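Engineer: Please read through the structure below; I'll follow up with questions.
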Amino acid sequence: VSTQSTGDRGIGVDLQVISEIDAALSSSGEHFVDRNFTEREIEHCRSRPDPAASFAGRWAAKEAVIKALGNCAVGGGGDGDGAAARRLFSGGGAALRDVEVLAMPSGAPRVELHGHVAGVATALGVTDVRVSISHSGDNAIAHCVAR
């Protein structure tokens, strides 16, 4: 029995340990940040009381988006296991900068897709990507629904 609504194409979730992101920020600094986050994301995260937690939440959201797209069935039916969607990412993984997680005026996250990831979403017929981010202790978690 499927619990997905007819509009849901794929779902994804990711958990990120905040201290791991904090360590990456400390050891790799700008290289890690510039390779994985857009200027708007960097500005937002650095403006927060706990930048590492903010970067970790956005990292988890980006990973959840890639997972949601990776388990989409092409054409709304297709292979059902997402194999065709994963082939669209073949050759070394997705560029996380192509998944931009921004804040709406309410503070809720919103996603903008760019570059190759936007092309994958279009090929899959995905027109809407939504995420939710939560933090608890040393963890950040994100859930994504691709429609």
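How things are named: the first chain in the structure tokens is A, the next is B, and so on; residues count from 1 in each chain; ligands count from 1 in the order shown.
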If you run DSSP on the backbone here, which positions in chain A get alpha helix (DSSP H)? Please write them as number ranges by chain.

Structural biologist: A: 18-27, 30-36, 39-46, 51-70, 83-88, 115-124

Engineer: Would you mind listing, for every residue of region 109-146 of chain A within 7 Å of region 52-64 of chain A, the two atoms forming the shortest contact and the distance between them in Å to one decimal, using only C-alpha atoms, sorted by chain and ascending residue number, as JSON lines?

Structural biologist:
{"residue": "A:Val131", "atom": "CA", "partner": "A:Ala61", "partner_atom": "CA", "distance": 6.5}
{"residue": "A:Ile133", "atom": "CA", "partner": "A:Gly57", "partner_atom": "CA", "distance": 6.1}
{"residue": "A:Ala140", "atom": "CA", "partner": "A:Gly57", "partner_atom": "CA", "distance": 5.0}
{"residue": "A:Ile141", "atom": "CA", "partner": "A:Ala60", "partner_atom": "CA", "distance": 5.9}
{"residue": "A:Ala142", "atom": "CA", "partner": "A:Ala61", "partner_atom": "CA", "distance": 4.9}
{"residue": "A:His143", "atom": "CA", "partner": "A:Ala64", "partner_atom": "CA", "distance": 5.9}
{"residue": "A:Cys144", "atom": "CA", "partner": "A:Ala64", "partner_atom": "CA", "distance": 5.5}

Engineer: Any chance you can output those residues with N, CA, C and O atoms as a PDB file, in the first residue's frame?

Structural biologist:
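And here is the file that came out, part21.pdb:
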ATOM      1  N   VAL A 131      11.115  21.245   1.582  1.00  0.00           N
ATOM      2  CA  VAL A 131      11.908  20.665   2.656  1.00  0.00           C
ATOM      3  C   VAL A 131      11.460  21.204   4.004  1.00  0.00           C
ATOM      4  O   VAL A 131      10.887  22.293   4.104  1.00  0.00           O
ATOM      5  N   ILE A 133      13.353  21.406   7.945  1.00  0.00           N
ATOM      6  CA  ILE A 133      14.622  21.226   8.661  1.00  0.00           C
ATOM      7  C   ILE A 133      14.346  21.344  10.154  1.00  0.00           C
ATOM      8  O   ILE A 133      13.596  22.226  10.581  1.00  0.00           O
ATOM      9  N   ALA A 140      21.092  17.774  13.015  1.00  0.00           N
ATOM     10  CA  ALA A 140      20.173  18.496  12.140  1.00  0.00           C
ATOM     11  C   ALA A 140      19.568  17.446  11.212  1.00  0.00           C
ATOM     12  O   ALA A 140      20.262  16.563  10.717  1.00  0.00           O
ATOM     13  N   ILE A 141      18.270  17.537  10.996  1.00  0.00           N
ATOM     14  CA  ILE A 141      17.588  16.578  10.121  1.00  0.00           C
ATOM     15  C   ILE A 141      16.730  17.352   9.122  1.00  0.00           C
ATOM     16  O   ILE A 141      16.227  18.438   9.435  1.00  0.00           O
ATOM     17  N   ALA A 142      16.629  16.809   7.947  1.00  0.00           N
ATOM     18  CA  ALA A 142      15.791  17.432   6.911  1.00  0.00           C
ATOM     19  C   ALA A 142      15.006  16.356   6.181  1.00  0.00           C
ATOM     20  O   ALA A 142      15.497  15.239   5.973  1.00  0.00           O
ATOM     21  N   HIS A 143      13.816  16.730   5.780  1.00  0.00           N
ATOM     22  CA  HIS A 143      12.931  15.851   5.025  1.00  0.00           C
ATOM     23  C   HIS A 143      12.545  16.604   3.748  1.00  0.00           C
ATOM     24  O   HIS A 143      12.330  17.819   3.781  1.00  0.00           O
ATOM     25  N   CYS A 144      12.477  15.900   2.644  1.00  0.00           N
ATOM     26  CA  CYS A 144      12.130  16.522   1.358  1.00  0.00           C
ATOM     27  C   CYS A 144      11.043  15.713   0.675  1.00  0.00           C
ATOM     28  O   CYS A 144      11.065  14.483   0.679  1.00  0.00           O
TER      29      CYS A 144
END

Engineer: With DSSP run on the backbone, what are the strand (DSSP E or B) residues within chain A? I'd like them as a PyMOL selection string.

Structural biologist: chain A and resi 10-17+99-103+109-113+129-136+139-146

Engineer: Could you check which of A:Lys67, A:Arg110, A:Arg40, A:His116 is closest to Gly12 (chain A), using only C-alpha atoms?

Structural biologist: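 The answer is A:Lys67, which sits nearest to Gly12 (chain A).
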
Engineer: Give me, as a count of residues only, all polymer residues having an atom no more than 12 Å from region 94-98 of chain A, counting only C-alpha atoms and skipping those fewer than 6 positions away in the same chain.

Structural biologist: 37
